[in-house]
Each structure stands twice: as C-alpha cells, then as structure tokens.
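Here's the structure, in structure tokens; my notes come after.
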Protein chains: 2
Amino acid sequence: MAPTFSERIARLEPSVVREILAAAQAPGVISFAGGLPAPESLPSLTGLDVPSAYAQYGATEGEPRLREAISRYLSTIGLECPPARVLVLSGSQQGIDLVAKLFVDVGAPIITESPTYLAALQVFRLFGAAVHGLPLGDEGVDPDALGRVARARRPRFCYLVPTYQNPTGVSYGVSSRQAVARALDEAALPLFEDDPYREVSFDGDGPRPIASHLERASWVYQSSFSKVFLPGIRLGFLAASPDLFVPLVRLKQAADLHSNRVSQWLALSELESPERAARLDALRSVYRHKRDTFQASLTKHLGALAEWHTPNGGLFFWIRLKTPRDVVSLLPKAIERGVVFVPGDVCFPEAPAPAGYLRLNFSHATPEAADEGLGRLAALLRG
Amino acid sequence: MAPTFSERIARLEPSVVREILAAAQAPGVISFAGGLPAPESLPSLTGLDVPSAYAQYGATEGEPRLREAISRYLSTIGLECPPARVLVLSGSQQGIDLVAKLFVDVGAPIITESPTYLAALQVFRLFGAAVHGLPLGDEGVDPDALGRVARARRPRFCYLVPTYQNPTGVSYGVSSRQAVARALDEAALPLFEDDPYREVSFDGDGPRPIASHLERASWVYQSSFSKVFLPGIRLGFLAASPDLFVPLVRLKQAADLHSNRVSQWLALSELESPERAARLDALRSVYRHKRDTFQASLTKHLGALAEWHTPNGGLFFWIRLKTPRDVVSLLPKAIERGVVFVPGDVCFPEAPAPAGYLRLNFSHATPEAADEGLGRLAALLRG
C-alpha cells in the first residue's frame, strides 16, 4: 500500500528549470538557463577566520551585528527599517516559503506580475494559491488594474519584483513605484517585494523600493547575498512591517531554527568591508561588459528573428520571437545541439502561456561561448 | 484593515522554549533549558580554506562527496542507503518541515511518542496534524499499541526518536526496534526516524536504526551535525526510501534551493577526518563526565523530591517530581531566581499534559554552575 501524501504534493511541479539545469551539466553544453553569477566574480573562500562564538546555536532572527549592517544598507537604498525588524534568511527562496506559509491557504487569491519569477510561482502554487497575473508593461504593472483586481478578488498579498525583474529585466520607474504604492495603500493589500537584482545595475542605482513609499499597507521586502556576493553561502534577508515580522520569525524558527552562522559572518564581513563599493563597481563593469557582448551576439545571430529590450540590470535577456512558436518543444532539440535556455512559458501564471518567449542568462557563459551558443540557437530556429 | 493570514497561523504557537531561552540570556541566569552542546567541545573555525567551486550555486541534493561520506557513515551504523538517496538538509529541523509538507493536511492523523520532541510537535501542529501520542515506556513505544492505532486511525506516518530520545533519554533496545519495525511493516505505516543524538552515547554504540529493520514500510531517517560537530553551521541530512525521496528533494528545492556549501565543506572535512573517531571519543568522555557530575548534584539537591533514569546518551535528564505539581507556573519564579528549565508539559501531544515533569540539559552549564542552579531549583520546589 502506497503512503498517503498531503494534497499539496499533487501540486508539487517538477521544476522545468531543474531538468534543464541537469541537461546543462553535460559536457559541451552552453547554458543560458540558470541565473548563475559569473564564476570570475565570486570572492575567495580561503583563509577564513570565523569567531569561535559562531560555532554554537544562534538567534532565529540572525546575528545582531549583521541585522544592524542590513538595516544600514536598507537605509542607503531608501528603506528605513530598524535592525529589530530584519530577519536573516537561508537564501531569499526561504523568504518565499515563509511568506507563502504566512498567507496562502488552498484557493487563496494572490497577485503576481505576468510573467514572474518561476520558483516563486511554484511555491505559491504548492501552497494552493489562486494566482492572478497582472500583465507586466515596460514601466511595471498598471496601478489601476492592480486596484481593480484587489477590490474584486481580495487577494492575500501582491508579489512584485520591481527592479530588473526576473525574467523580463523590467524596472519600475519612480512615479510607477509611487502609483503602485498608492494602489496598495488604498486596497490595504500587503506587498511582498522581492529585490535580489538591485545591486546588479548597469546604468546607475535603481529607484527606492516600493515598500519605502507605503503609508498603510503591510509589507515584506527581501533581498539576497547570492547575486553580488556568494550564492553558495545561501543567505538572504527580509525586512517587514511589524504585523508581519512577528509571525515570520516564528515560521522561520519552525523551518530551520536559524540560518547558518558561518555564512552570516561572511556576509557581515562583506557588508562592513571598506572595499565593498569598489568591488561592486568592478562587478557591475564585468556584468555590463557581458551584457554588451551578449547583446552584440544576440543582434548578430537573432536580430532578424527576435526582439528584446536591453536590460539595465539583472542577469537576463527576455526575448520574443517575431514569429511566435512553441519553444518548449524546441528545448529537447536545443539540448541535442548543446544549448539550453528557459522557455518563457513557465514564467507565466496563466495557462496557456503566450508563445515564443525565451529567457537567456548572459552572466555565466564566456563571451565566446555565448556567441557560439546563440549561433546554435539561431540555426535551430531557422532549421 | 488587517492582513488576512492563512488559517495555519492560528496554530503557530509561540515557542515556549524560545521564550525560556530569551530569559536565559539574562546575566547570571543558569540555563538547563536549551539543547546546546558544551562550548568547549566545539571545533575551531579559524584558517578555513574552502574550495572556490563552493562559492557558486550547488545541487539541491547536496555535494556529491558529502552524500557519499554520509552514505558510508550510515552503513557503519547499520543502515544501507546509496548516496543517491541522501539529501543534505539545512539542519534536521528542516527535515521536520519537509516531512510535514509531504504528509500533513489539516486533520491528518499522525503518531508520535508521548512525550516527544517539542519543535517537531509544533511543526506537525502548524501543518494541522491530528497528533496521536503513544506512551513512551523504558523500551520505547508498545508495538501492539502502535499496530492498533495504525489500523484504527490510518495515520500518515509515525515519528520516533528511538535513540537517547529528547526529552526522556529513552533508547529502544534491539528487540524493541525489531518489533516496532514489524508493526510498521504490517500496517504499511511510513516511519520518520529522527536520530540526532546517536553519537552522543556514553555506554557503547546505540542499536541499528529502526529503518534498517524495515522490509516494506516507507521511511525517512534523519540526523544532524549539530550535536557532535557544529550547531552554528545548521547542517543535517536525511536518507529515505525511493518513494519518499523524490518528492522530498522537490520540497527541499522549494524551501531553500540547496543547503549552504561552506557548511557542507566543513561537514565533509569532519566526516573524512582521520581524527574524527578520536574526537568523538573525547567528546563522549566530556559529556559522560558532565552527565555524572550533573547526576551527583541532582541527587544531592533533588534526590528527595524527584526521580529519574540515568541517560545513556543525549543531552538531557528527564525528571519526575515525586509530588506532581504545575511546573509551568513555577517557571517565572525560577527565572526570578536565575535558573531556567523546560517544563515537561510542552513535550506531550495530549492535553492536559501529565504534571510534574522537567527536562534538564546537562551539557551546557559548567559543573559548578549546574550545582548552583540545581540548588536554586530545589530551594524553589521546597519553598
């Protein structure tokens, strides 16, 4: 007799990206699929000296000094939040799990952008959310549409990635952020703002978080140390309004007691390092150059076949085929030819998804490999 | 208008232990409340050299070499499980979260020991489990009672901590393990075996895991690097039967993508260290000595007031007051006098809980502090 699983397991999707990334491990395969930082940009992990106190169990909320440093960082980007309302996470994926636990019952309505971050969509669906996707324009979601859906459906929260969004690269401007904040305030709709790409900016700093414009609505703001520091330490953080912070800490305790302290020490050292600003500048130069060489190859190989916006930050090009076609069924053939990508379909909350979108990561492959891979992709699309 | 939380938030208990631990931070307070390893037993974290590859994102299942080392370790304790069915966890608390997600719907029946591990009980309840506690005797739970409850209630799984149990210190003997395994096999009842204290043994090795005796029932076996290595790295692992392993990996991916790789490198170095056996022997000597001096103080101060079994492993004495009384209401007075403990009530699944039990950790306080603290506790009980 087979075990009886919870009903949520029927909603546990095999991650398409996971299957794709597995295929990408094969020798000779050029991957545009992951969101991996450039290997050459990652700091060294040698000669680490972690204080002996960090060997013991720690506080659920995180190391006090790290929470203070995060609070100071948030202030620099325009979000005032005391250290007492900063929670260290085991990567920002954990924040998605915690917020889903906080808000989502089976059938509970929520709002996301459409398209949106795939792994968030999967977690919200796992918990049974009824996801309503708001079309994402060049300036973000339409605040009026947000207000209408909020009144009609009474969603539990609204999940936005307003800065160099994954997958589109779209970044909301200041006035758009203010208008969205007003709509959230008017509807008393909690905001879950996911902001992992903010520091991966190529044309100046991104505008203040939407959360910083809120006057009444509850909010969670989260970010990650994975994109501009070290993915392998699995560390992120959230800040939240008081009503959400208390239950989130208890949910965090139930999930893993606290985040690992060696990683917290590394993150603290990074935030307190006098070299951080210079390191970030250098990193942005590396990524800007990678974006530019990638775009040159994209224009060369796919200029006649697809269109796109140049991303001002983040790690992805989001391209639309001029002649829409089913790119999911294209994927096995692409893997055969040694190139992988994320079919845009999986990023849309609605079904059927609009056809003909591809997400291409530009940060991981070398310029030479990227050019070769885009050539293979173009040949496949033409063939 | 206040946000609408999920219905599970109404079941999110403030952790009593958390409140107690917070009180224990005050200067001069002697804590018997936590499950903290002895600070002097924790390895150094200086001069760490982690390979640069560990800076990048890693595999959800964990590092291949670490999974192989864990598989070899499991073989030494009598549990044969290939590396392909080993999942690295962000501490064994995460395993509890994942297994709850796998099995528990609101109202789903499960079985635990009574008393049982508080933090597991809280997670199972958070997900809505209807917890049936089987009385824990000196040899474990009664296999016949287990079979009867399994047939009557069709529980989703059975959670057992059979080796130096938290809170009681009870360890199931070989024949008891075999009988429990038979009962699980006959009922096709999945086993969730939580085994974090196995290496904290004072009188020889504990018997093979119950999971190793199973012939048909599904199972998850989990353990931790927190008790005999480093709590601060928040690392544990599970092994599971094939039917449970696949969805557990996907749930792990949704929870935090993968566990931090710096910690995984430290755990691998520990498992592969030729000095590990000698280090564990030395650690057991330290803990055995702490247990003995603690018991001497316990006899001196509380011998007339309470009774207990001497634990052969683990980190706790579980004492029963000869004249039962409400120890929860005693706690604020104890904190006033500078001593804290875990009231046994919180460890029982049933309500009202049997009165007059206390869980006392003996591993963290120095022998002198423990003697002083037990003196304060005795004075309070007499007063």
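A note on labels: chains of the structure tokens are A, B, ... as shown, every chain counts residues from 1, and ligands are counted from 1 in their shown order.
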
Q.
as a PyMOL selection string, please: every residue in segment 32-240 of chain A that DSSP puts in helix (DSSP H, G or I).
A. chain A and resi 39-41+52-55+64-76+83-85+92-103+118-126+143-153+174-187+210-213+231-233

I need the residues from that last selection saved to file as a PDB file, in the first residue's frame (with C-alpha atoms), if you can.
ATOM      1  CA  PRO A  39      32.407  32.450 -11.706  1.00  0.00           C
ATOM      2  CA  GLU A  40      35.235  35.002 -12.066  1.00  0.00           C
ATOM      3  CA  SER A  41      33.244  37.489  -9.966  1.00  0.00           C
ATOM      4  CA  SER A  52      34.522  30.723  17.855  1.00  0.00           C
ATOM      5  CA  ALA A  53      31.196  32.009  19.235  1.00  0.00           C
ATOM      6  CA  TYR A  54      29.687  31.381  15.795  1.00  0.00           C
ATOM      7  CA  ALA A  55      30.148  27.628  16.277  1.00  0.00           C
ATOM      8  CA  PRO A  64      22.688  41.195  15.819  1.00  0.00           C
ATOM      9  CA  ARG A  65      25.652  42.838  14.045  1.00  0.00           C
ATOM     10  CA  LEU A  66      24.539  41.511  10.685  1.00  0.00           C
ATOM     11  CA  ARG A  67      20.978  42.731  11.245  1.00  0.00           C
ATOM     12  CA  GLU A  68      22.369  46.176  12.078  1.00  0.00           C
ATOM     13  CA  ALA A  69      24.507  46.180   8.942  1.00  0.00           C
ATOM     14  CA  ILE A  70      21.496  45.156   6.827  1.00  0.00           C
ATOM     15  CA  SER A  71      19.395  47.899   8.419  1.00  0.00           C
ATOM     16  CA  ARG A  72      22.098  50.438   7.487  1.00  0.00           C
ATOM     17  CA  TYR A  73      22.230  49.056   3.948  1.00  0.00           C
ATOM     18  CA  LEU A  74      18.444  49.351   3.620  1.00  0.00           C
ATOM     19  CA  SER A  75      18.699  52.958   4.695  1.00  0.00           C
ATOM     20  CA  THR A  76      21.155  53.632   1.854  1.00  0.00           C
ATOM     21  CA  PRO A  83      17.505  46.045  12.934  1.00  0.00           C
ATOM     22  CA  ALA A  84      14.731  44.631  15.146  1.00  0.00           C
ATOM     23  CA  ARG A  85      12.626  44.097  12.029  1.00  0.00           C
ATOM     24  CA  SER A  92      15.697  34.511  -0.412  1.00  0.00           C
ATOM     25  CA  GLN A  93      13.984  31.335  -1.636  1.00  0.00           C
ATOM     26  CA  GLN A  94      13.258  30.744   2.046  1.00  0.00           C
ATOM     27  CA  GLY A  95      11.503  34.096   2.242  1.00  0.00           C
ATOM     28  CA  ILE A  96       9.123  32.896  -0.467  1.00  0.00           C
ATOM     29  CA  ASP A  97       8.384  29.746   1.543  1.00  0.00           C
ATOM     30  CA  LEU A  98       7.775  31.760   4.723  1.00  0.00           C
ATOM     31  CA  VAL A  99       5.506  34.332   3.060  1.00  0.00           C
ATOM     32  CA  ALA A 100       3.541  31.520   1.388  1.00  0.00           C
ATOM     33  CA  LYS A 101       3.090  29.871   4.788  1.00  0.00           C
ATOM     34  CA  LEU A 102       2.014  33.186   6.266  1.00  0.00           C
ATOM     35  CA  PHE A 103      -0.673  33.974   3.706  1.00  0.00           C
ATOM     36  CA  LEU A 118       9.299  30.875 -11.782  1.00  0.00           C
ATOM     37  CA  ALA A 119      10.425  29.483  -8.410  1.00  0.00           C
ATOM     38  CA  ALA A 120       8.115  31.873  -6.550  1.00  0.00           C
ATOM     39  CA  LEU A 121       5.207  30.844  -8.733  1.00  0.00           C
ATOM     40  CA  GLN A 122       5.916  27.190  -7.970  1.00  0.00           C
ATOM     41  CA  VAL A 123       5.948  27.764  -4.199  1.00  0.00           C
ATOM     42  CA  PHE A 124       2.754  29.835  -4.239  1.00  0.00           C
ATOM     43  CA  ARG A 125       1.052  27.088  -6.270  1.00  0.00           C
ATOM     44  CA  LEU A 126       2.421  24.365  -3.980  1.00  0.00           C
ATOM     45  CA  PRO A 143      -1.714  50.559 -10.790  1.00  0.00           C
ATOM     46  CA  ASP A 144      -5.359  50.921 -11.828  1.00  0.00           C
ATOM     47  CA  ALA A 145      -5.580  47.273 -12.835  1.00  0.00           C
ATOM     48  CA  LEU A 146      -3.906  46.379  -9.518  1.00  0.00           C
ATOM     49  CA  GLY A 147      -6.561  48.345  -7.635  1.00  0.00           C
ATOM     50  CA  ARG A 148      -9.407  46.757  -9.594  1.00  0.00           C
ATOM     51  CA  VAL A 149      -8.166  43.197  -9.030  1.00  0.00           C
ATOM     52  CA  ALA A 150      -7.527  43.971  -5.363  1.00  0.00           C
ATOM     53  CA  ARG A 151     -11.123  45.148  -4.889  1.00  0.00           C
ATOM     54  CA  ALA A 152     -12.652  42.330  -6.934  1.00  0.00           C
ATOM     55  CA  ARG A 153     -10.666  39.394  -5.567  1.00  0.00           C
ATOM     56  CA  VAL A 174       9.884  56.260  -9.559  1.00  0.00           C
ATOM     57  CA  SER A 175       6.412  57.501 -10.466  1.00  0.00           C
ATOM     58  CA  SER A 176       5.264  53.975 -11.276  1.00  0.00           C
ATOM     59  CA  ARG A 177       6.522  52.822  -7.853  1.00  0.00           C
ATOM     60  CA  GLN A 178       4.655  55.651  -6.162  1.00  0.00           C
ATOM     61  CA  ALA A 179       1.449  54.862  -8.042  1.00  0.00           C
ATOM     62  CA  VAL A 180       1.687  51.153  -7.210  1.00  0.00           C
ATOM     63  CA  ALA A 181       2.299  52.013  -3.548  1.00  0.00           C
ATOM     64  CA  ARG A 182      -0.802  54.232  -3.532  1.00  0.00           C
ATOM     65  CA  ALA A 183      -2.893  51.442  -5.044  1.00  0.00           C
ATOM     66  CA  LEU A 184      -1.602  49.008  -2.405  1.00  0.00           C
ATOM     67  CA  ASP A 185      -2.303  51.508   0.385  1.00  0.00           C
ATOM     68  CA  GLU A 186      -5.823  52.166  -0.872  1.00  0.00           C
ATOM     69  CA  ALA A 187      -6.613  48.465  -1.090  1.00  0.00           C
ATOM     70  CA  ILE A 210       8.119  50.309  -3.456  1.00  0.00           C
ATOM     71  CA  ALA A 211       7.889  49.353   0.226  1.00  0.00           C
ATOM     72  CA  SER A 212       9.528  52.680   1.111  1.00  0.00           C
ATOM     73  CA  HIS A 213       6.575  54.529  -0.454  1.00  0.00           C
ATOM     74  CA  PRO A 231      25.391  32.120  -3.973  1.00  0.00           C
ATOM     75  CA  GLY A 232      26.996  29.133  -2.227  1.00  0.00           C
ATOM     76  CA  ILE A 233      26.516  30.580   1.265  1.00  0.00           C
TER      77      ILE A 233
END

Q: From the DSSP assignment of the backbone, select every residue of segment 245-362 of chain B that is strand (DSSP E or B), and format the answer as a list in words.
A: Ala306, Glu307, Gly313, Phe316, Phe317, Trp318, Ile319, Arg320, Leu321, Val339, Val340, Val342, Pro343, Tyr357, Leu358, Arg359, Leu360 and Asn361 of chain B

Selected residues, N, CA, C and O atoms, written as an mmCIF file, in the first residue's frame, please.
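Output below, filename out17.cif:
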data_model
loop_
_atom_site.group_PDB
_atom_site.id
_atom_site.type_symbol
_atom_site.label_atom_id
_atom_site.label_comp_id
_atom_site.auth_asym_id
_atom_site.auth_seq_id
_atom_site.Cartn_x
_atom_site.Cartn_y
_atom_site.Cartn_z
ATOM 1 N N ALA B 306 12.522 14.177 43.552
ATOM 2 C CA ALA B 306 12.254 13.757 42.174
ATOM 3 C C ALA B 306 12.902 12.413 41.893
ATOM 4 O O ALA B 306 13.753 11.935 42.665
ATOM 5 N N GLU B 307 12.480 11.800 40.798
ATOM 6 C CA GLU B 307 13.121 10.559 40.348
ATOM 7 C C GLU B 307 13.375 10.624 38.855
ATOM 8 O O GLU B 307 12.722 11.391 38.135
ATOM 9 N N GLY B 313 22.763 8.421 26.886
ATOM 10 C CA GLY B 313 23.179 9.244 25.759
ATOM 11 C C GLY B 313 22.291 10.471 25.699
ATOM 12 O O GLY B 313 21.376 10.638 26.506
ATOM 13 N N PHE B 316 20.020 15.282 27.970
ATOM 14 C CA PHE B 316 19.004 15.675 28.949
ATOM 15 C C PHE B 316 18.776 14.660 30.068
ATOM 16 O O PHE B 316 18.849 13.454 29.842
ATOM 17 N N PHE B 317 18.473 15.181 31.259
ATOM 18 C CA PHE B 317 17.799 14.411 32.302
ATOM 19 C C PHE B 317 16.312 14.769 32.238
ATOM 20 O O PHE B 317 15.947 15.944 32.094
ATOM 21 N N TRP B 318 15.485 13.734 32.366
ATOM 22 C CA TRP B 318 14.027 13.917 32.371
ATOM 23 C C TRP B 318 13.581 13.517 33.763
ATOM 24 O O TRP B 318 13.668 12.345 34.122
ATOM 25 N N ILE B 319 13.215 14.495 34.581
ATOM 26 C CA ILE B 319 12.914 14.166 35.974
ATOM 27 C C ILE B 319 11.427 14.340 36.269
ATOM 28 O O ILE B 319 10.745 15.173 35.668
ATOM 29 N N ARG B 320 10.960 13.476 37.177
ATOM 30 C CA ARG B 320 9.548 13.488 37.567
ATOM 31 C C ARG B 320 9.485 13.833 39.043
ATOM 32 O O ARG B 320 10.142 13.177 39.874
ATOM 33 N N LEU B 321 8.752 14.864 39.373
ATOM 34 C CA LEU B 321 8.600 15.229 40.782
ATOM 35 C C LEU B 321 7.776 14.155 41.490
ATOM 36 O O LEU B 321 6.762 13.693 40.954
ATOM 37 N N VAL B 339 17.353 30.587 37.342
ATOM 38 C CA VAL B 339 17.531 29.239 36.813
ATOM 39 C C VAL B 339 16.348 28.928 35.884
ATOM 40 O O VAL B 339 15.210 29.289 36.194
ATOM 41 N N VAL B 340 16.633 28.334 34.740
ATOM 42 C CA VAL B 340 15.539 28.012 33.810
ATOM 43 C C VAL B 340 15.618 26.554 33.356
ATOM 44 O O VAL B 340 16.696 25.954 33.308
ATOM 45 N N VAL B 342 12.982 23.413 30.980
ATOM 46 C CA VAL B 342 11.817 23.219 30.120
ATOM 47 C C VAL B 342 10.759 22.443 30.906
ATOM 48 O O VAL B 342 11.019 21.308 31.323
ATOM 49 N N PRO B 343 9.577 23.030 31.116
ATOM 50 C CA PRO B 343 8.506 22.274 31.754
ATOM 51 C C PRO B 343 8.078 21.126 30.849
ATOM 52 O O PRO B 343 7.853 21.331 29.660
ATOM 53 N N TYR B 357 6.746 17.055 35.310
ATOM 54 C CA TYR B 357 7.978 16.644 34.621
ATOM 55 C C TYR B 357 8.811 17.868 34.257
ATOM 56 O O TYR B 357 8.281 18.911 33.880
ATOM 57 N N LEU B 358 10.132 17.723 34.357
ATOM 58 C CA LEU B 358 11.057 18.781 33.931
ATOM 59 C C LEU B 358 12.125 18.177 33.035
ATOM 60 O O LEU B 358 12.624 17.068 33.311
ATOM 61 N N ARG B 359 12.501 18.899 31.973
ATOM 62 C CA ARG B 359 13.638 18.488 31.157
ATOM 63 C C ARG B 359 14.817 19.368 31.517
ATOM 64 O O ARG B 359 14.721 20.602 31.480
ATOM 65 N N LEU B 360 15.921 18.719 31.894
ATOM 66 C CA LEU B 360 17.106 19.465 32.326
ATOM 67 C C LEU B 360 18.291 19.124 31.423
ATOM 68 O O LEU B 360 18.734 17.972 31.370
ATOM 69 N N ASN B 361 18.811 20.105 30.733
ATOM 70 C CA ASN B 361 20.002 19.901 29.907
ATOM 71 C C ASN B 361 21.243 19.890 30.801
ATOM 72 O O ASN B 361 21.398 20.739 31.674
#

(Q) Between B:Val86, B:Leu380, B:Asp49, B:Leu374, which residue has the minimum interatomic distance to Pro242 of chain B, considering only C-alpha atoms? (A)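 For Pro242 of chain B, the nearest of the given residues is B:Val86.
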
Q. Between A:Ser6, A:Ser31, A:Thr112, A:Gln56, which is the closest to Phe341 of chain A once you count only C-alpha atoms?
A.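 Once distances to Phe341 of chain A are computed over only C-alpha atoms, the minimum belongs to A:Ser31.
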
**Q.** Contact residues around Asp281 of chain A with only C-alpha atoms at 10 Å, ignoring same-chain residues under 4 positions, as a ChimeraX atom specification
**A.** /A:199-202,276-277,285-287

Q. Using only C-alpha atoms, which residues sit within 10 Å of Pro109 of chain A once same-chain residues fewer than 2 positions away are excluded, as a ChimeraX atom specification?
A. /A:103-107,111,128-132,150,153-158

Expected file contents, prior selection, N, CA, C and O atoms, as a PDB file, in the first residue's frame:
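The file below, part-v6.pdb, is the result:
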ATOM      1  N   PHE A 103       0.538  33.450   4.356  1.00  0.00           N
ATOM      2  CA  PHE A 103      -0.673  33.974   3.706  1.00  0.00           C
ATOM      3  C   PHE A 103      -1.534  32.937   2.983  1.00  0.00           C
ATOM      4  O   PHE A 103      -2.727  33.166   2.792  1.00  0.00           O
ATOM      5  N   VAL A 104      -0.928  31.873   2.495  1.00  0.00           N
ATOM      6  CA  VAL A 104      -1.633  31.079   1.482  1.00  0.00           C
ATOM      7  C   VAL A 104      -2.349  29.861   2.062  1.00  0.00           C
ATOM      8  O   VAL A 104      -1.721  28.973   2.641  1.00  0.00           O
ATOM      9  N   ASP A 105      -3.669  29.832   1.933  1.00  0.00           N
ATOM     10  CA  ASP A 105      -4.480  28.631   2.085  1.00  0.00           C
ATOM     11  C   ASP A 105      -4.843  28.138   0.688  1.00  0.00           C
ATOM     12  O   ASP A 105      -4.690  28.871  -0.297  1.00  0.00           O
ATOM     13  N   VAL A 106      -5.344  26.920   0.615  1.00  0.00           N
ATOM     14  CA  VAL A 106      -5.774  26.399  -0.684  1.00  0.00           C
ATOM     15  C   VAL A 106      -6.886  27.289  -1.235  1.00  0.00           C
ATOM     16  O   VAL A 106      -7.869  27.563  -0.542  1.00  0.00           O
ATOM     17  N   GLY A 107      -6.686  27.762  -2.442  1.00  0.00           N
ATOM     18  CA  GLY A 107      -7.681  28.614  -3.093  1.00  0.00           C
ATOM     19  C   GLY A 107      -7.543  30.094  -2.785  1.00  0.00           C
ATOM     20  O   GLY A 107      -8.303  30.907  -3.318  1.00  0.00           O
ATOM     21  N   ILE A 111      -1.751  38.039  -6.065  1.00  0.00           N
ATOM     22  CA  ILE A 111      -1.396  38.722  -7.315  1.00  0.00           C
ATOM     23  C   ILE A 111       0.108  38.596  -7.552  1.00  0.00           C
ATOM     24  O   ILE A 111       0.900  38.741  -6.618  1.00  0.00           O
ATOM     25  N   GLY A 128      -1.154  26.205  -2.786  1.00  0.00           N
ATOM     26  CA  GLY A 128      -2.549  26.206  -3.232  1.00  0.00           C
ATOM     27  C   GLY A 128      -3.093  27.562  -3.647  1.00  0.00           C
ATOM     28  O   GLY A 128      -4.309  27.711  -3.809  1.00  0.00           O
ATOM     29  N   ALA A 129      -2.209  28.556  -3.817  1.00  0.00           N
ATOM     30  CA  ALA A 129      -2.687  29.892  -4.172  1.00  0.00           C
ATOM     31  C   ALA A 129      -3.386  29.902  -5.533  1.00  0.00           C
ATOM     32  O   ALA A 129      -3.009  29.170  -6.447  1.00  0.00           O
ATOM     33  N   ALA A 130      -4.428  30.737  -5.639  1.00  0.00           N
ATOM     34  CA  ALA A 130      -5.036  31.037  -6.933  1.00  0.00           C
ATOM     35  C   ALA A 130      -4.337  32.291  -7.443  1.00  0.00           C
ATOM     36  O   ALA A 130      -4.615  33.400  -6.976  1.00  0.00           O
ATOM     37  N   VAL A 131      -3.409  32.114  -8.373  1.00  0.00           N
ATOM     38  CA  VAL A 131      -2.529  33.209  -8.787  1.00  0.00           C
ATOM     39  C   VAL A 131      -3.174  34.019  -9.903  1.00  0.00           C
ATOM     40  O   VAL A 131      -3.507  33.478 -10.957  1.00  0.00           O
ATOM     41  N   HIS A 132      -3.343  35.306  -9.657  1.00  0.00           N
ATOM     42  CA  HIS A 132      -3.807  36.216 -10.699  1.00  0.00           C
ATOM     43  C   HIS A 132      -2.622  37.029 -11.197  1.00  0.00           C
ATOM     44  O   HIS A 132      -2.017  37.792 -10.444  1.00  0.00           O
ATOM     45  N   ALA A 150      -7.545  44.014  -6.828  1.00  0.00           N
ATOM     46  CA  ALA A 150      -7.527  43.971  -5.363  1.00  0.00           C
ATOM     47  C   ALA A 150      -8.942  44.084  -4.810  1.00  0.00           C
ATOM     48  O   ALA A 150      -9.315  43.364  -3.874  1.00  0.00           O
ATOM     49  N   ARG A 153     -11.053  40.748  -5.999  1.00  0.00           N
ATOM     50  CA  ARG A 153     -10.666  39.394  -5.567  1.00  0.00           C
ATOM     51  C   ARG A 153     -10.196  39.309  -4.128  1.00  0.00           C
ATOM     52  O   ARG A 153      -9.960  38.224  -3.620  1.00  0.00           O
ATOM     53  N   ARG A 154      -9.973  40.447  -3.485  1.00  0.00           N
ATOM     54  CA  ARG A 154      -9.430  40.447  -2.123  1.00  0.00           C
ATOM     55  C   ARG A 154      -8.221  39.524  -1.990  1.00  0.00           C
ATOM     56  O   ARG A 154      -8.217  38.613  -1.171  1.00  0.00           O
ATOM     57  N   PRO A 155      -7.181  39.739  -2.777  1.00  0.00           N
ATOM     58  CA  PRO A 155      -6.006  38.866  -2.689  1.00  0.00           C
ATOM     59  C   PRO A 155      -5.302  39.024  -1.346  1.00  0.00           C
ATOM     60  O   PRO A 155      -5.404  40.066  -0.683  1.00  0.00           O
ATOM     61  N   ARG A 156      -4.595  37.974  -0.946  1.00  0.00           N
ATOM     62  CA  ARG A 156      -3.885  37.989   0.339  1.00  0.00           C
ATOM     63  C   ARG A 156      -2.653  38.901   0.300  1.00  0.00           C
ATOM     64  O   ARG A 156      -2.311  39.528   1.285  1.00  0.00           O
ATOM     65  N   PHE A 157      -1.957  38.894  -0.850  1.00  0.00           N
ATOM     66  CA  PHE A 157      -0.795  39.779  -0.997  1.00  0.00           C
ATOM     67  C   PHE A 157      -0.490  39.935  -2.477  1.00  0.00           C
ATOM     68  O   PHE A 157      -1.067  39.229  -3.321  1.00  0.00           O
ATOM     69  N   CYS A 158       0.415  40.845  -2.763  1.00  0.00           N
ATOM     70  CA  CYS A 158       0.847  41.119  -4.129  1.00  0.00           C
ATOM     71  C   CYS A 158       2.360  40.938  -4.190  1.00  0.00           C
ATOM     72  O   CYS A 158       3.104  41.599  -3.467  1.00  0.00           O
TER      73      CYS A 158
END
